[in-house]
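Colleague: Mind looking over this structure? Questions follow.
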Amino acid sequence: PDLQAHSDLSWLILNKANELRKERERVMALKNLLALVVLLGVVGVSVANPKGLDLNFYKHRCPDAEAIVLRITIQYVSRQPSLAAALLRMHFHDCFVRGCDGSILLKSPKKDAERDAVPNLSLRGYEVVDAAKTALEKKCPGVVSCADALALVARDAVSVIQGPWWPVPLGRRDGRISRSSEVTSLPSPFAGIAALKKNFLDKGLNTKDLVVLSGGHTIGISNCGIINSRIYNFTGKGDFDPSMNPSYVRALKKKCKPTDFSTKVEMDPGSVKKFDSHYFNIVAQKKGLFTSDSTLLDDPETKSYIDTQVSTAGSSFNKDFSDSMLKLGFVQILTGTNGEIRKKCAFVN
């Protein structure tokens, strides 16, 4: 059995490496930054801030960087597939606070870093990024940033569970600042559509990106504590949120008793282990777990996207998700001489 498991893992690594090579060969035809800018323009990425990022950034100084990260990610996520959602979430939380600079990874002796803020206490998967960084440092000391390592790990983790793949232009540098007080810029699960649209717009992302990236909740897991007031005491009168399907509320109450704040709850019941468009079917049925899920039906553009994905069985979702993740990776990046290349992701140099 051990030999079989080893064989299966080797096949998976080889298969993923071949997929990655094919995709990279397709994209690598874009030889220089100008061609990269054209690519980003085609997929709808703002080209105001791609300076310094390049698909070939480590070609000469660490040519095996992506293969190293992929190997480590496969080792972890193949054993524990739920890490895919955790690592995708970590990348998202990193980019929405001070940009994609790896600041979510920093530790503080005073417990006042981003990772110490309440919305981030449930983040997990740091060990995967640390393992990738350790392997990178062994091969190419002081070359690959933690910000790039996290961006690659998130992409590869989703790919391992058969989700969409997207190109990750590289060259981000690591931030030196991480403050729990700044985590207020994260989109809240309790937010309405107007606040969410502003959150995304502030980061250079549009309304389509909002609804598309919300689709990442297809592999999401939360807990009873987040939805307690929504199903038991929405307005302080012992009621539930009227935007929720009553049958769904009944099902949630069976799972989450009034004093239960810890039991895990799937965000896409019945499909949480598969990265697909089923999340949009759930939201359309008024079974969105968070207010931020349900409120996607309150805006014409986000509702139209949901309706389209439901009626076409998610025909464009994978491509749309890839495009929006590519855009997310450019949010407030540090390049050139800004920031640093950390030796260890949890500590500034």
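In the structure tokens, the first chain shown is A, the next is B, and so on; residue numbers restart at 1 for each chain, and ligands run from 1 in the order shown.
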Quick one: residues within 7 Å of A:Pro164, only C-alpha atoms counted, chain neighbours fewer than 2 positions away excluded, as an MDAnalysis selection string?

Modeller: chainID A and resid 158:159 162 166 318 322

Colleague: Report the residues of stretch 127-244 of chain A whose backbone DSSP state falls under strand (DSSP E or B), written as a PyMOL selection string.

Modeller: chain A and resi 170+174+221-223

Colleague: Write the residues of the selection above to a file with all heavy atoms, as a short mmCIF file (atom, residue, chain, number, x, y, z; two decimals), in the first residue's frame.

Modeller:
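Result file is part.cif:
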```
data_model
loop_
_atom_site.label_atom_id
_atom_site.label_comp_id
_atom_site.auth_asym_id
_atom_site.auth_seq_id
_atom_site.Cartn_x
_atom_site.Cartn_y
_atom_site.Cartn_z
N LEU A 170 5.56 37.17 -11.14
CA LEU A 170 6.34 37.19 -9.90
C LEU A 170 7.24 38.41 -9.78
O LEU A 170 7.47 39.12 -10.76
CB LEU A 170 7.17 35.90 -9.81
CG LEU A 170 6.35 34.60 -9.84
CD1 LEU A 170 7.25 33.40 -10.11
CD2 LEU A 170 5.58 34.44 -8.54
N ASP A 174 8.58 41.65 0.04
CA ASP A 174 7.90 41.48 1.32
C ASP A 174 7.80 42.78 2.11
O ASP A 174 8.78 43.53 2.19
CB ASP A 174 8.63 40.44 2.17
CG ASP A 174 8.63 39.06 1.53
OD1 ASP A 174 7.60 38.70 0.94
OD2 ASP A 174 9.66 38.35 1.63
N ILE A 221 -15.26 26.69 4.56
CA ILE A 221 -15.82 26.13 5.79
C ILE A 221 -15.80 27.22 6.86
O ILE A 221 -14.80 27.91 7.03
CB ILE A 221 -15.01 24.92 6.29
CG1 ILE A 221 -15.06 23.79 5.25
CG2 ILE A 221 -15.53 24.42 7.63
CD1 ILE A 221 -14.14 22.63 5.57
N SER A 222 -16.92 27.41 7.56
CA SER A 222 -16.98 28.40 8.63
C SER A 222 -17.41 27.69 9.92
O SER A 222 -17.22 26.48 10.06
CB SER A 222 -17.95 29.52 8.27
OG SER A 222 -17.87 30.57 9.21
N ASN A 223 -17.99 28.44 10.84
CA ASN A 223 -18.45 27.83 12.09
C ASN A 223 -19.75 28.45 12.56
O ASN A 223 -20.17 29.51 12.07
CB ASN A 223 -17.38 27.95 13.17
CG ASN A 223 -17.02 29.39 13.45
OD1 ASN A 223 -17.84 30.16 13.95
ND2 ASN A 223 -15.79 29.78 13.14
#
```

Colleague: Under the rule that only C-alpha atoms are counted, which of A:Leu296, A:Val143, A:Ile193, A:Val160 is the nearest residue to A:Lys274?

Modeller: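 Comparing A:Leu296, A:Val143, A:Ile193, A:Val160 against A:Lys274, the winner is A:Val160.
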
Colleague: Go through A:Ala149, A:Lys255, A:Val168, A:Thr184 one by one, measure the shortest atom-to-atom distance of each to A:Glu137 using only C-alpha atoms, and give the residue with the smallest value.

Modeller: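 For A:Glu137, the nearest of the candidates is A:Ala149.
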
Colleague: Assign secondary structure with DSSP using the backbone only, and return the residues of stretch 73-318 of chain A in helix (DSSP H, G or I) as JSON, numbers by chain.

Modeller: {"A": [73, 74, 75, 76, 77, 83, 84, 85, 86, 87, 88, 89, 90, 91, 92, 93, 94, 95, 103, 104, 105, 114, 115, 116, 118, 119, 120, 126, 127, 128, 129, 130, 131, 132, 133, 134, 135, 136, 137, 138, 139, 146, 147, 148, 149, 150, 151, 152, 153, 154, 155, 156, 157, 158, 159, 160, 180, 181, 182, 183, 184, 185, 193, 194, 195, 196, 197, 198, 199, 200, 201, 202, 207, 208, 209, 210, 211, 212, 213, 214, 215, 216, 217, 218, 219, 224, 225, 226, 227, 228, 229, 230, 231, 232, 246, 247, 248, 249, 250, 251, 252, 253, 254, 255, 278, 279, 280, 281, 282, 283, 284, 291, 292, 293, 294, 295, 296, 297, 298, 300, 301, 302, 303, 304, 305, 306, 307, 308, 309, 310, 311, 317, 318]}

Colleague: Do you know which residues are at most 10 Å from A:Glu182 counting only C-alpha atoms, after dropping those on the same chain fewer than 3 positions away, and could you put them as JSON, numbers by chain?

Modeller: {"A": [96, 97, 98, 113, 114, 117, 178, 179, 185, 186]}

Colleague: Provide the atom CA of A:Tyr279 to atom CA of A:Leu252 distance in Å, to one decimal place.

Modeller: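 Between these atoms lies a distance of 16.7 Å.
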
Colleague: Which residues of stretch 131-233 of chain A sit at most 9 Å from stretch 67-79 of chain A, using only C-alpha atoms? Give each one's shortest atom pair and distance in Å (one decimal place), in chain and ascending residue order, as a tab-separated table.

Modeller:
```
residue	atom	partner	partner_atom	distance
A:Ala131	CA	A:Ile72	CA	6.9
A:Ala132	CA	A:Val69	CA	5.3
A:Lys133	CA	A:Val69	CA	8.0
A:Ala135	CA	A:Ile68	CA	6.9
A:Leu136	CA	A:Ile68	CA	6.8
A:Lys139	CA	A:Ile68	CA	8.9
A:Ala149	CA	A:Val69	CA	7.0
A:Leu152	CA	A:Val69	CA	6.9
A:Val153	CA	A:Thr73	CA	6.1
A:Ala154	CA	A:Thr73	CA	8.7
A:Asp156	CA	A:Leu70	CA	6.0
A:Ala157	CA	A:Thr73	CA	6.1
A:Val158	CA	A:Val77	CA	9.0
A:Val160	CA	A:Ile74	CA	6.4
A:Ile161	CA	A:Ser78	CA	7.9
```

Colleague: Counting only C-alpha atoms, what is within 12 Å of A:Arg124, bar same-chain residues fewer than 6 positions away, as an NGL selection string?

Modeller: :A and (80 or 82-91 or 93 or 104-105 or 115 or 130)

Colleague: Could you give me, as a PyMOL selection string, the residues within 12 Å of stretch 301-307 of chain A, counting only C-alpha atoms and dropping anything in the same chain fewer than 2 positions from it?

Modeller: chain A and resi 193-194+196-197+206-215+277-286+292-299+309-317+320

Colleague: Would you put the residues from that selection into a file with C-alpha atoms, as a compact mmCIF listing (two decimals), in the first residue's frame?

Modeller:
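selection19.txt written:
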```txt
# COMPACT_ATOMS: atom_id res chain seq x y z
CA ILE A 193 -23.48 44.78 -1.10
CA ALA A 194 -22.61 48.52 -1.00
CA LEU A 196 -18.48 45.01 -0.30
CA LYS A 197 -18.37 46.87 -3.61
CA ASN A 206 -14.66 45.67 -9.70
CA THR A 207 -18.12 44.29 -9.05
CA LYS A 208 -17.54 41.26 -11.28
CA ASP A 209 -14.40 40.43 -9.30
CA LEU A 210 -16.49 40.61 -6.12
CA VAL A 211 -19.03 38.03 -7.22
CA VAL A 212 -16.46 35.82 -8.96
CA LEU A 213 -14.08 35.69 -6.00
CA SER A 214 -17.03 35.07 -3.67
CA GLY A 215 -17.35 31.85 -5.67
CA SER A 277 -19.90 26.70 -9.57
CA HIS A 278 -22.33 25.01 -7.17
CA TYR A 279 -21.91 27.90 -4.71
CA PHE A 280 -23.93 30.10 -7.05
CA ASN A 281 -26.81 27.58 -7.05
CA ILE A 282 -26.82 27.73 -3.25
CA VAL A 283 -26.86 31.54 -3.20
CA ALA A 284 -29.63 31.63 -5.81
CA GLN A 285 -31.72 29.40 -3.51
CA LYS A 286 -31.20 31.94 -0.68
CA SER A 292 -22.02 38.79 2.32
CA ASP A 293 -23.15 35.76 0.29
CA SER A 294 -26.86 36.52 0.39
CA THR A 295 -26.39 40.18 -0.47
CA LEU A 296 -25.01 39.24 -3.87
CA LEU A 297 -28.67 38.90 -4.89
CA ASP A 298 -29.25 42.58 -4.01
CA ASP A 299 -27.26 44.04 -6.90
CA GLN A 309 -23.67 30.60 -13.80
CA VAL A 310 -26.70 28.69 -12.54
CA SER A 311 -28.32 28.50 -15.99
CA THR A 312 -25.09 27.49 -17.76
CA ALA A 313 -23.73 25.14 -15.06
CA GLY A 314 -20.84 27.51 -14.43
CA SER A 315 -19.66 27.63 -18.03
CA SER A 316 -17.36 30.64 -17.52
CA PHE A 317 -16.64 30.41 -13.79
CA ASP A 320 -13.48 34.18 -14.62
```
